[in-house]
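Engineer: Quick one, structure27.pdb (PDB, C-alpha atoms, pLDDT in the B column):
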ATOM      1  CA  VAL A   1      14.681  -7.298  30.257  1.00 86.00           C
ATOM      2  CA  SER A   2      14.397 -10.869  31.633  1.00 93.00           C
ATOM      3  CA  PRO A   3      13.122 -12.999  28.714  1.00 94.00           C
ATOM      4  CA  ALA A   4      10.456 -15.380  29.961  1.00 95.00           C
ATOM      5  CA  GLY A   5       8.871 -17.105  26.958  1.00 96.00           C
ATOM      6  CA  ILE A   6      10.219 -17.802  23.482  1.00 98.00           C
ATOM      7  CA  GLU A   7       8.486 -19.081  20.339  1.00 98.00           C
ATOM      8  CA  ILE A   8       9.985 -19.519  16.865  1.00 98.00           C
ATOM      9  CA  ASP A   9       8.346 -19.424  13.435  1.00 98.00           C
ATOM     10  CA  ASP A  10      10.908 -21.273  11.296  1.00 96.00           C
ATOM     11  CA  LEU A  11       9.266 -20.467   7.952  1.00 96.00           C
ATOM     12  CA  ALA A  12       9.019 -16.740   8.652  1.00 97.00           C
ATOM     13  CA  LYS A  13      12.469 -16.782  10.312  1.00 98.00           C
ATOM     14  CA  LYS A  14      11.123 -14.875  13.316  1.00 98.00           C
ATOM     15  CA  MET A  15      11.530 -15.343  17.041  1.00 98.00           C
ATOM     16  CA  PHE A  16       8.930 -14.032  19.480  1.00 98.00           C
ATOM     17  CA  VAL A  17      10.089 -13.236  23.013  1.00 98.00           C
ATOM     18  CA  VAL A  18       7.987 -12.057  25.964  1.00 98.00           C
ATOM     19  CA  THR A  19       9.579 -10.558  29.057  1.00 97.00           C
ATOM     20  CA  LYS A  20       8.785 -10.204  32.735  1.00 94.00           C
ATOM     21  CA  GLU A  21      10.890  -7.217  33.789  1.00 93.00           C
ATOM     22  CA  ASN A  22      10.061  -4.663  31.114  1.00 94.00           C
ATOM     23  CA  ASN A  23       6.733  -6.333  30.276  1.00 97.00           C
ATOM     24  CA  SER A  24       7.205  -6.455  26.516  1.00 97.00           C
ATOM     25  CA  LEU A  25       6.875  -8.523  23.365  1.00 98.00           C
ATOM     26  CA  TYR A  26       9.866  -8.566  21.014  1.00 98.00           C
ATOM     27  CA  ILE A  27       9.968  -9.884  17.460  1.00 98.00           C
ATOM     28  CA  VAL A  28      13.461 -10.781  16.264  1.00 98.00           C
ATOM     29  CA  ASP A  29      14.526 -11.425  12.668  1.00 98.00           C
ATOM     30  CA  LEU A  30      16.508 -14.667  12.881  1.00 98.00           C
ATOM     31  CA  GLY A  31      18.474 -13.887   9.716  1.00 96.00           C
ATOM     32  CA  THR A  32      19.795 -10.502  10.820  1.00 97.00           C
ATOM     33  CA  LYS A  33      19.527 -11.211  14.577  1.00 97.00           C
ATOM     34  CA  LYS A  34      17.939  -7.783  15.027  1.00 98.00           C
ATOM     35  CA  ILE A  35      14.826  -6.706  16.912  1.00 97.00           C
ATOM     36  CA  ILE A  36      12.268  -5.709  14.281  1.00 97.00           C
ATOM     37  CA  TYR A  37       9.357  -4.949  16.605  1.00 98.00           C
ATOM     38  CA  GLN A  38       8.712  -4.255  20.290  1.00 98.00           C
ATOM     39  CA  GLN A  39       5.404  -3.726  22.081  1.00 97.00           C
ATOM     40  CA  ALA A  40       4.667  -2.988  25.722  1.00 97.00           C
ATOM     41  CA  LEU A  41       2.295  -5.509  27.325  1.00 97.00           C
ATOM     42  CA  GLY A  42       1.524  -3.614  30.531  1.00 94.00           C
ATOM     43  CA  GLU A  43       2.128  -6.612  32.825  1.00 96.00           C
ATOM     44  CA  PRO A  44       4.848  -9.240  33.316  1.00 97.00           C
ATOM     45  CA  ALA A  45       4.517 -12.002  30.718  1.00 97.00           C
ATOM     46  CA  TYR A  46       5.211 -15.678  31.305  1.00 97.00           C
ATOM     47  CA  THR A  47       5.204 -17.343  27.895  1.00 98.00           C
ATOM     48  CA  CYS A  48       3.924 -17.179  24.326  1.00 98.00           C
ATOM     49  CA  LEU A  49       2.621 -19.713  21.817  1.00 98.00           C
ATOM     50  CA  LEU A  50       1.939 -19.520  18.081  1.00 98.00           C
ATOM     51  CA  SER A  51      -1.435 -20.560  16.682  1.00 98.00           C
ATOM     52  CA  ASN A  52      -1.438 -23.587  14.375  1.00 97.00           C
ATOM     53  CA  ASN A  53      -1.644 -21.346  11.285  1.00 97.00           C
ATOM     54  CA  LYS A  54       1.099 -19.022  12.653  1.00 97.00           C
ATOM     55  CA  LYS A  55      -1.146 -15.966  12.276  1.00 98.00           C
ATOM     56  CA  GLU A  56      -1.625 -15.317  15.992  1.00 98.00           C
ATOM     57  CA  LEU A  57       0.550 -15.366  19.070  1.00 98.00           C
ATOM     58  CA  TYR A  58      -1.004 -16.161  22.450  1.00 98.00           C
ATOM     59  CA  ILE A  59       0.666 -14.520  25.461  1.00 98.00           C
ATOM     60  CA  SER A  60       0.091 -15.406  29.114  1.00 98.00           C
ATOM     61  CA  LEU A  61       0.413 -12.399  31.412  1.00 98.00           C
ATOM     62  CA  TRP A  62       1.652 -13.702  34.762  1.00 95.00           C
ATOM     63  CA  GLY A  63       0.908 -10.380  36.416  1.00 88.00           C
ATOM     64  CA  GLY A  64      -2.271  -9.568  34.521  1.00 92.00           C
ATOM     65  CA  LYS A  65      -4.650 -12.540  34.960  1.00 96.00           C
ATOM     66  CA  LYS A  66      -5.201 -12.686  31.217  1.00 97.00           C
ATOM     67  CA  VAL A  67      -4.130 -14.111  27.890  1.00 98.00           C
ATOM     68  CA  LEU A  68      -3.492 -11.712  25.022  1.00 98.00           C
ATOM     69  CA  VAL A  69      -4.103 -12.544  21.367  1.00 98.00           C
ATOM     70  CA  PHE A  70      -1.556 -10.811  19.132  1.00 98.00           C
ATOM     71  CA  ASN A  71      -2.234 -10.590  15.385  1.00 98.00           C
ATOM     72  CA  ILE A  72       1.172 -11.048  13.770  1.00 98.00           C
ATOM     73  CA  ALA A  73       0.426  -9.483  10.366  1.00 97.00           C
ATOM     74  CA  ALA A  74      -1.298  -6.424  11.867  1.00 98.00           C
ATOM     75  CA  LYS A  75       1.210  -6.247  14.747  1.00 97.00           C
ATOM     76  CA  LYS A  76      -1.455  -5.532  17.333  1.00 97.00           C
ATOM     77  CA  ILE A  77      -3.283  -7.110  20.234  1.00 98.00           C
ATOM     78  CA  THR A  78      -6.723  -8.067  18.971  1.00 98.00           C
ATOM     79  CA  ALA A  79      -8.195  -9.720  22.070  1.00 98.00           C
ATOM     80  CA  GLU A  80      -7.758 -10.149  25.815  1.00 98.00           C
ATOM     81  CA  VAL A  81      -9.221 -13.134  27.649  1.00 98.00           C
ATOM     82  CA  ASN A  82      -9.481 -12.957  31.434  1.00 98.00           C
ATOM     83  CA  VAL A  83      -8.226 -16.110  33.168  1.00 98.00           C
ATOM     84  CA  GLY A  84      -7.115 -17.091  36.675  1.00 96.00           C
ATOM     85  CA  ASP A  85      -4.307 -15.782  38.846  1.00 96.00           C
ATOM     86  CA  ASN A  86      -0.706 -16.175  37.630  1.00 96.00           C
ATOM     87  CA  PRO A  87      -1.377 -17.687  34.184  1.00 97.00           C
ATOM     88  CA  ASN A  88       1.730 -19.459  32.976  1.00 97.00           C
ATOM     89  CA  GLU A  89       2.060 -22.409  30.571  1.00 97.00           C
ATOM     90  CA  LEU A  90      -0.075 -22.432  27.419  1.00 98.00           C
ATOM     91  CA  LEU A  91      -1.094 -25.521  25.432  1.00 98.00           C
ATOM     92  CA  LEU A  92      -3.051 -25.594  22.187  1.00 98.00           C
ATOM     93  CA  SER A  93      -5.196 -28.540  21.106  1.00 97.00           C
ATOM     94  CA  LYS A  94      -4.134 -30.207  17.835  1.00 96.00           C
ATOM     95  CA  ASN A  95      -7.171 -28.793  16.034  1.00 96.00           C
ATOM     96  CA  GLY A  96      -6.381 -25.290  17.325  1.00 96.00           C
ATOM     97  CA  LYS A  97      -9.862 -24.824  18.834  1.00 97.00           C
ATOM     98  CA  TYR A  98      -8.894 -24.838  22.510  1.00 98.00           C
ATOM     99  CA  LEU A  99      -6.135 -23.074  24.414  1.00 98.00           C
ATOM    100  CA  PHE A 100      -5.353 -24.449  27.874  1.00 98.00           C
ATOM    101  CA  VAL A 101      -3.880 -22.043  30.439  1.00 98.00           C
ATOM    102  CA  ALA A 102      -2.342 -23.200  33.727  1.00 98.00           C
ATOM    103  CA  ASN A 103      -3.177 -20.738  36.521  1.00 97.00           C
ATOM    104  CA  ALA A 104      -0.626 -21.232  39.323  1.00 96.00           C
ATOM    105  CA  GLY A 105      -2.387 -18.883  41.731  1.00 94.00           C
ATOM    106  CA  ASP A 106      -5.830 -20.466  41.400  1.00 92.00           C
ATOM    107  CA  ASN A 107      -5.240 -24.243  41.448  1.00 93.00           C
ATOM    108  CA  ALA A 108      -6.849 -24.214  38.021  1.00 96.00           C
ATOM    109  CA  VAL A 109      -6.662 -24.518  34.270  1.00 98.00           C
ATOM    110  CA  SER A 110      -8.687 -22.178  32.052  1.00 98.00           C
ATOM    111  CA  VAL A 111      -9.914 -23.699  28.792  1.00 98.00           C
ATOM    112  CA  ILE A 112     -10.314 -20.974  26.163  1.00 98.00           C
ATOM    113  CA  ASP A 113     -12.486 -21.366  23.081  1.00 98.00           C
ATOM    114  CA  ILE A 114     -10.206 -19.679  20.530  1.00 97.00           C
ATOM    115  CA  LEU A 115     -12.948 -18.730  18.043  1.00 97.00           C
ATOM    116  CA  GLN A 116     -15.221 -17.261  20.717  1.00 97.00           C
ATOM    117  CA  ARG A 117     -12.307 -15.601  22.564  1.00 97.00           C
ATOM    118  CA  LYS A 118     -13.739 -16.652  25.921  1.00 97.00           C
ATOM    119  CA  VAL A 119     -13.203 -19.175  28.699  1.00 98.00           C
ATOM    120  CA  LEU A 120     -15.265 -22.288  27.995  1.00 98.00           C
ATOM    121  CA  GLU A 121     -14.606 -23.850  31.408  1.00 98.00           C
ATOM    122  CA  VAL A 122     -12.259 -23.745  34.390  1.00 97.00           C
ATOM    123  CA  LEU A 123     -10.808 -27.036  35.634  1.00 97.00           C
ATOM    124  CA  ASN A 124     -10.126 -27.234  39.378  1.00 96.00           C
ATOM    125  CA  ALA A 125      -6.770 -29.051  39.707  1.00 95.00           C
ATOM    126  CA  ALA A 126      -6.671 -28.907  43.537  1.00 93.00           C
ATOM    127  CA  LEU A 127      -6.726 -32.026  45.699  1.00 92.00           C
ATOM    128  CA  TYR A 128     -10.277 -31.272  46.858  1.00 88.00           C
ATOM    129  CA  PRO A 129     -12.963 -28.790  45.705  1.00 83.00           C
ATOM    130  CA  ASP A 130     -12.558 -26.074  48.353  1.00 85.00           C
ATOM    131  CA  ALA A 131      -8.788 -26.347  48.789  1.00 87.00           C
ATOM    132  CA  PRO A 132      -7.003 -23.057  49.459  1.00 86.00           C
ATOM    133  CA  THR A 133      -4.616 -21.682  46.860  1.00 88.00           C
ATOM    134  CA  GLY A 134      -1.399 -23.627  46.817  1.00 88.00           C
ATOM    135  CA  SER A 135      -1.445 -26.345  44.158  1.00 93.00           C
ATOM    136  CA  ALA A 136       0.708 -24.190  41.844  1.00 94.00           C
ATOM    137  CA  SER A 137      -0.646 -25.644  38.592  1.00 95.00           C
ATOM    138  CA  ASN A 138       2.123 -24.933  36.112  1.00 95.00           C
ATOM    139  CA  GLY A 139       2.595 -27.612  33.445  1.00 96.00           C
ATOM    140  CA  LEU A 140       0.233 -29.040  30.816  1.00 98.00           C
ATOM    141  CA  ALA A 141       0.143 -31.976  28.409  1.00 98.00           C
ATOM    142  CA  LEU A 142      -2.536 -33.599  26.256  1.00 98.00           C
ATOM    143  CA  SER A 143      -2.767 -37.271  25.399  1.00 97.00           C
ATOM    144  CA  GLU A 144      -2.346 -38.266  21.736  1.00 95.00           C
ATOM    145  CA  ASP A 145      -6.133 -38.616  21.323  1.00 96.00           C
ATOM    146  CA  GLN A 146      -6.640 -35.167  22.940  1.00 96.00           C
ATOM    147  CA  LYS A 147      -9.129 -36.641  25.438  1.00 97.00           C
ATOM    148  CA  THR A 148      -6.939 -36.502  28.558  1.00 97.00           C
ATOM    149  CA  LEU A 149      -5.233 -33.457  30.083  1.00 98.00           C
ATOM    150  CA  TYR A 150      -2.363 -33.786  32.566  1.00 98.00           C
ATOM    151  CA  VAL A 151      -1.621 -30.861  34.883  1.00 98.00           C
ATOM    152  CA  ALA A 152       1.598 -30.586  36.913  1.00 97.00           C
ATOM    153  CA  ASN A 153       0.748 -29.373  40.424  1.00 96.00           C
ATOM    154  CA  ALA A 154       4.114 -28.287  41.828  1.00 95.00           C
ATOM    155  CA  ASP A 155       3.079 -27.675  45.428  1.00 95.00           C
ATOM    156  CA  ASN A 156       1.002 -30.873  45.646  1.00 94.00           C
ATOM    157  CA  ASN A 157       3.701 -33.135  44.138  1.00 96.00           C
ATOM    158  CA  CYS A 158       1.256 -34.675  41.693  1.00 96.00           C
ATOM    159  CA  LEU A 159      -0.333 -34.584  38.272  1.00 97.00           C
ATOM    160  CA  ALA A 160      -4.043 -33.813  38.078  1.00 97.00           C
ATOM    161  CA  VAL A 161      -5.749 -35.800  35.307  1.00 98.00           C
ATOM    162  CA  PHE A 162      -8.877 -34.659  33.428  1.00 98.00           C
ATOM    163  CA  ASP A 163     -11.185 -36.350  30.940  1.00 98.00           C
ATOM    164  CA  LEU A 164     -11.799 -33.853  28.111  1.00 97.00           C
ATOM    165  CA  SER A 165     -14.063 -36.101  26.009  1.00 96.00           C
ATOM    166  CA  LYS A 166     -16.928 -33.612  26.184  1.00 95.00           C
ATOM    167  CA  PRO A 167     -15.663 -30.009  25.731  1.00 91.00           C
ATOM    168  CA  GLY A 168     -17.211 -27.716  28.301  1.00 94.00           C
ATOM    169  CA  PHE A 169     -18.030 -30.652  30.591  1.00 96.00           C
ATOM    170  CA  SER A 170     -14.609 -32.029  31.519  1.00 97.00           C
ATOM    171  CA  LYS A 171     -14.273 -34.317  34.545  1.00 96.00           C
ATOM    172  CA  SER A 172     -11.488 -34.925  37.030  1.00 96.00           C
ATOM    173  CA  LYS A 173     -10.076 -38.459  36.839  1.00 97.00           C
ATOM    174  CA  GLY A 174      -7.866 -38.084  39.909  1.00 96.00           C
ATOM    175  CA  PHE A 175      -4.169 -37.639  40.612  1.00 97.00           C
ATOM    176  CA  ILE A 176      -0.830 -39.297  39.869  1.00 96.00           C
ATOM    177  CA  PRO A 177       1.793 -38.898  42.619  1.00 96.00           C
ATOM    178  CA  THR A 178       5.173 -37.554  41.458  1.00 96.00           C
ATOM    179  CA  GLY A 179       8.470 -36.548  42.961  1.00 94.00           C
ATOM    180  CA  TRP A 180       9.015 -33.192  44.607  1.00 95.00           C
ATOM    181  CA  TYR A 181       7.717 -30.051  42.868  1.00 96.00           C
ATOM    182  CA  PRO A 182       6.802 -31.137  39.306  1.00 95.00           C
ATOM    183  CA  THR A 183       6.985 -28.159  36.950  1.00 93.00           C
ATOM    184  CA  ASN A 184       6.452 -29.743  33.552  1.00 94.00           C
ATOM    185  CA  VAL A 185       4.789 -32.733  31.933  1.00 96.00           C
ATOM    186  CA  LYS A 186       4.978 -34.078  28.379  1.00 96.00           C
ATOM    187  CA  VAL A 187       3.265 -36.951  26.568  1.00 95.00           C
ATOM    188  CA  ILE A 188       5.221 -39.016  24.046  1.00 93.00           C
ATOM    189  CA  GLY A 189       3.090 -41.713  22.449  1.00 89.00           C
ATOM    190  CA  LYS A 190       1.516 -43.664  25.304  1.00 88.00           C
ATOM    191  CA  LYS A 191       4.046 -42.522  27.911  1.00 92.00           C
TER     192      LYS A 191
END
Once you've parsed the file, please lay out its structure as structure tokens.
Structural biologist:
Amino acid sequence: VSPAGIEIDDLAKKMFVVTKENNSLYIVDLGTKKIIYQQALGEPAYTCLLSNNKKELYISLWGGKKVLVFNIAAKKITAEVNVGDNPNELLLSKNGKYLFVANAGDNAVSVIDILQRKVLEVLNAALYPDAPTGSASNGLALSEDQKTLYVANADNNCLAVFDLSKPGFSKSKGFIPTGWYPTNVKVIGKK
């Protein structure tokens, strides 16, 4: 099965699991520890993330170049948003309006407008504009004020930094060198 991404809704006592070998979504009842729902996704998944109101689950399809929107109450996929190659980590803005998707195969981050169900902009996280594929963008974090995005570029050993002050018109602020192969980044307060 190869579980890849896990998300938990504590109030509903449900665990959502996406897999990369049998390309499925599982919903598990945490009280009984039983699978209560399974749905084929068609492509290997990477991770999943609940919406702020816990009504939707966003799923990145590593093998499908898209993000799926799964309606939890209806138990069905209600939207597909095409993104870059090898979409992996997902990050939701505090206000729930924007979903950021790291695309490891495209040196990029897709910024999805959740209400419109479409990509608002694509941020190029490579070291220079026409760089070949190889940055392996795979980790995301937002500053407390939601105006700065940090992107872990595993193959470039750096973090790409973007100014998000004006949605749809984000700007690169440069790079922060890191140790070898960064795969995750988190912001805690001002650190």
Engineer: Name all residues at most 7 Å from stretch 106-118 of chain A (count only C-alpha atoms; drop same-chain ones fewer than 5 positions away) and give them as a JSON list (two decimals) with C-alpha atoms, in the frame of the given file.
Structural biologist:
[["chain", "number", "residue", "atom", "x", "y", "z"],
["A", 81, "VAL", "CA", -9.22, -13.13, 27.65],
["A", 83, "VAL", "CA", -8.23, -16.11, 33.17],
["A", 84, "GLY", "CA", -7.12, -17.09, 36.67],
["A", 85, "ASP", "CA", -4.31, -15.78, 38.85],
["A", 97, "LYS", "CA", -9.86, -24.82, 18.83],
["A", 98, "TYR", "CA", -8.89, -24.84, 22.51],
["A", 99, "LEU", "CA", -6.14, -23.07, 24.41],
["A", 100, "PHE", "CA", -5.35, -24.45, 27.87],
["A", 101, "VAL", "CA", -3.88, -22.04, 30.44],
["A", 123, "LEU", "CA", -10.81, -27.04, 35.63],
["A", 124, "ASN", "CA", -10.13, -27.23, 39.38],
["A", 125, "ALA", "CA", -6.77, -29.05, 39.71],
["A", 126, "ALA", "CA", -6.67, -28.91, 43.54],
["A", 133, "THR", "CA", -4.62, -21.68, 46.86],
["A", 134, "GLY", "CA", -1.40, -23.63, 46.82],
["A", 135, "SER", "CA", -1.44, -26.34, 44.16],
["A", 136, "ALA", "CA", 0.71, -24.19, 41.84],
["A", 137, "SER", "CA", -0.65, -25.64, 38.59]]
Engineer: So that I can check the surroundings of stretch 88-92 of chain A, please list as an mmCIF file with C-alpha atoms, in the coordinates of the input every protein, DNA and RNA residue that reaches within 10 Å of it, counting all atoms listed in the file and ignoring chain neighbours fewer than 2 positions away.
Structural biologist:
data_model
loop_
_atom_site.group_PDB
_atom_site.id
_atom_site.type_symbol
_atom_site.label_atom_id
_atom_site.label_comp_id
_atom_site.auth_asym_id
_atom_site.auth_seq_id
_atom_site.Cartn_x
_atom_site.Cartn_y
_atom_site.Cartn_z
ATOM 1 C CA GLY A 5 8.871 -17.105 26.958
ATOM 2 C CA ALA A 45 4.517 -12.002 30.718
ATOM 3 C CA TYR A 46 5.211 -15.678 31.305
ATOM 4 C CA THR A 47 5.204 -17.343 27.895
ATOM 5 C CA CYS A 48 3.924 -17.179 24.326
ATOM 6 C CA LEU A 49 2.621 -19.713 21.817
ATOM 7 C CA LEU A 50 1.939 -19.520 18.081
ATOM 8 C CA SER A 51 -1.435 -20.560 16.682
ATOM 9 C CA ASN A 52 -1.438 -23.587 14.375
ATOM 10 C CA TYR A 58 -1.004 -16.161 22.450
ATOM 11 C CA ILE A 59 0.666 -14.520 25.461
ATOM 12 C CA SER A 60 0.091 -15.406 29.114
ATOM 13 C CA LEU A 61 0.413 -12.399 31.412
ATOM 14 C CA TRP A 62 1.652 -13.702 34.762
ATOM 15 C CA GLY A 63 0.908 -10.380 36.416
ATOM 16 C CA LYS A 65 -4.650 -12.540 34.960
ATOM 17 C CA LYS A 66 -5.201 -12.686 31.217
ATOM 18 C CA VAL A 67 -4.130 -14.111 27.890
ATOM 19 C CA GLY A 84 -7.115 -17.091 36.675
ATOM 20 C CA ASP A 85 -4.307 -15.782 38.846
ATOM 21 C CA ASN A 86 -0.706 -16.175 37.630
ATOM 22 C CA LYS A 94 -4.134 -30.207 17.835
ATOM 23 C CA ASN A 95 -7.171 -28.793 16.034
ATOM 24 C CA GLY A 96 -6.381 -25.290 17.325
ATOM 25 C CA LYS A 97 -9.862 -24.824 18.834
ATOM 26 C CA TYR A 98 -8.894 -24.838 22.510
ATOM 27 C CA LEU A 99 -6.135 -23.074 24.414
ATOM 28 C CA PHE A 100 -5.353 -24.449 27.874
ATOM 29 C CA VAL A 101 -3.880 -22.043 30.439
ATOM 30 C CA ALA A 102 -2.342 -23.200 33.727
ATOM 31 C CA ASN A 103 -3.177 -20.738 36.521
ATOM 32 C CA ALA A 104 -0.626 -21.232 39.323
ATOM 33 C CA GLY A 105 -2.387 -18.883 41.731
ATOM 34 C CA VAL A 109 -6.662 -24.518 34.270
ATOM 35 C CA SER A 110 -8.687 -22.178 32.052
ATOM 36 C CA VAL A 111 -9.914 -23.699 28.792
ATOM 37 C CA ILE A 112 -10.314 -20.974 26.163
ATOM 38 C CA ILE A 114 -10.206 -19.679 20.530
ATOM 39 C CA SER A 137 -0.646 -25.644 38.592
ATOM 40 C CA ASN A 138 2.123 -24.933 36.112
ATOM 41 C CA GLY A 139 2.595 -27.612 33.445
ATOM 42 C CA LEU A 140 0.233 -29.040 30.816
ATOM 43 C CA ALA A 141 0.143 -31.976 28.409
ATOM 44 C CA LEU A 142 -2.536 -33.599 26.256
ATOM 45 C CA THR A 183 6.985 -28.159 36.950
ATOM 46 C CA ASN A 184 6.452 -29.743 33.552
#
Engineer: Report as a VMD selection string the residues that result from applying the PyMOL selection byres ((chain A and resi 42) around 8) to the structure here.
Structural biologist: chain A and resid 23 to 24 40 to 41 43 to 44
Engineer: Which residues fall under the PyMOL selection byres ((chain A and resi 3) around 7) in this file, as a ChimeraX atom specification?
Structural biologist: /A:1-2,4-5,17-20
Engineer: Taking (11.3, -19.6, 13.4) in the file's coordinates, which residues come within 12 Å, counting only C-alpha atoms, written as a PyMOL selection string?
Structural biologist: chain A and resi 6-17+27-31+33+50+54
Engineer: Which one of A:Leu25, A:Pro177, A:Lys191, A:Ser93 sits closest to A:Leu68 if you count all atoms listed in the file?
Structural biologist: A:Leu25
Engineer: Please identify all polymer residues within 6 Å of stretch 69-78 of chain A, counting all atoms listed in the file, omitting same-chain residues fewer than 2 positions from it, and present them as a list in words.
Structural biologist: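 Counting only the stated atoms, we get Lys55, Glu56, Leu57 and Tyr58 of chain A.
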Engineer: Box for stretch 18-27 of chain A - axis-aligned, 4 Å on each of the six sides, all listed atoms - centre and size in Å to one decimal, as lines of an AutoDock Vina configuration file.
Structural biologist:
center_x = 8.8
center_y = -8.4
center_z = 25.6
size_x = 12.2
size_y = 15.4
size_z = 24.3
Engineer: Given the choices A:Tyr128, A:Asn153, A:Pro182, A:Gln146, which gets closest to A:Ser165 if the distance is worked out from all atoms listed in the file?
Structural biologist: A:Gln146
Engineer: To one decimal in Å, tell me the separation between atom CA of A:Asn22 and atom CA of A:Ala79.
Structural biologist: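 Here the two named atoms are 21.0 Å from each other.
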Engineer: Taking 3 positions as the minimum chain separation for residues in the same chain, which residues sit within 6 Å of A:Leu164 when counting all atoms listed in the file? Answer as a PyMOL selection string.
Structural biologist: chain A and resi 147-148+167+170
Engineer: Mind dumping the selected residues with C-alpha atoms as a PDB file, keeping the file's coordinate frame?
Structural biologist:
ATOM      1  CA  LYS A 147      -9.129 -36.641  25.438  1.00 97.00           C
ATOM      2  CA  THR A 148      -6.939 -36.502  28.558  1.00 97.00           C
ATOM      3  CA  PRO A 167     -15.663 -30.009  25.731  1.00 91.00           C
ATOM      4  CA  SER A 170     -14.609 -32.029  31.519  1.00 97.00           C
TER       5      SER A 170
END
Engineer: Would you fill out stretch 132-138 of chain A with all heavy atoms and return it as a compact mmCIF listing (two decimals), in the frame of the given file?
Structural biologist:
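Dumped everything to part-v6.txt:
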# COMPACT_ATOMS: atom_id res chain seq x y z
N PRO A 132 -7.55 -24.41 49.60
CA PRO A 132 -7.00 -23.06 49.46
C PRO A 132 -5.97 -23.02 48.33
O PRO A 132 -5.47 -24.06 47.90
CB PRO A 132 -6.35 -22.79 50.82
CG PRO A 132 -6.08 -24.13 51.39
CD PRO A 132 -7.13 -25.05 50.84
N THR A 133 -5.64 -21.84 47.88
CA THR A 133 -4.62 -21.68 46.86
C THR A 133 -3.33 -22.32 47.34
O THR A 133 -2.97 -22.20 48.51
CB THR A 133 -4.38 -20.19 46.58
OG1 THR A 133 -5.61 -19.64 46.11
CG2 THR A 133 -3.31 -19.98 45.54
N GLY A 134 -2.65 -23.00 46.42
CA GLY A 134 -1.40 -23.63 46.82
C GLY A 134 -1.02 -24.85 45.99
O GLY A 134 0.00 -25.47 46.25
N SER A 135 -1.81 -25.21 45.01
CA SER A 135 -1.44 -26.34 44.16
C SER A 135 -0.34 -25.97 43.19
O SER A 135 0.45 -26.81 42.78
CB SER A 135 -2.66 -26.85 43.38
OG SER A 135 -3.62 -27.40 44.25
N ALA A 136 -0.28 -24.71 42.80
CA ALA A 136 0.71 -24.19 41.84
C ALA A 136 0.68 -24.96 40.53
O ALA A 136 1.67 -25.52 40.09
CB ALA A 136 2.10 -24.18 42.44
N SER A 137 -0.48 -24.98 39.90
CA SER A 137 -0.65 -25.64 38.59
C SER A 137 0.21 -24.91 37.57
O SER A 137 0.04 -23.72 37.35
CB SER A 137 -2.12 -25.61 38.17
OG SER A 137 -2.92 -26.22 39.17
N ASN A 138 1.16 -25.65 36.95
CA ASN A 138 2.12 -24.93 36.11
C ASN A 138 2.63 -25.69 34.90
O ASN A 138 3.49 -25.19 34.19
CB ASN A 138 3.32 -24.49 36.96
CG ASN A 138 4.08 -25.67 37.53
OD1 ASN A 138 3.87 -26.81 37.15
ND2 ASN A 138 4.96 -25.38 38.45
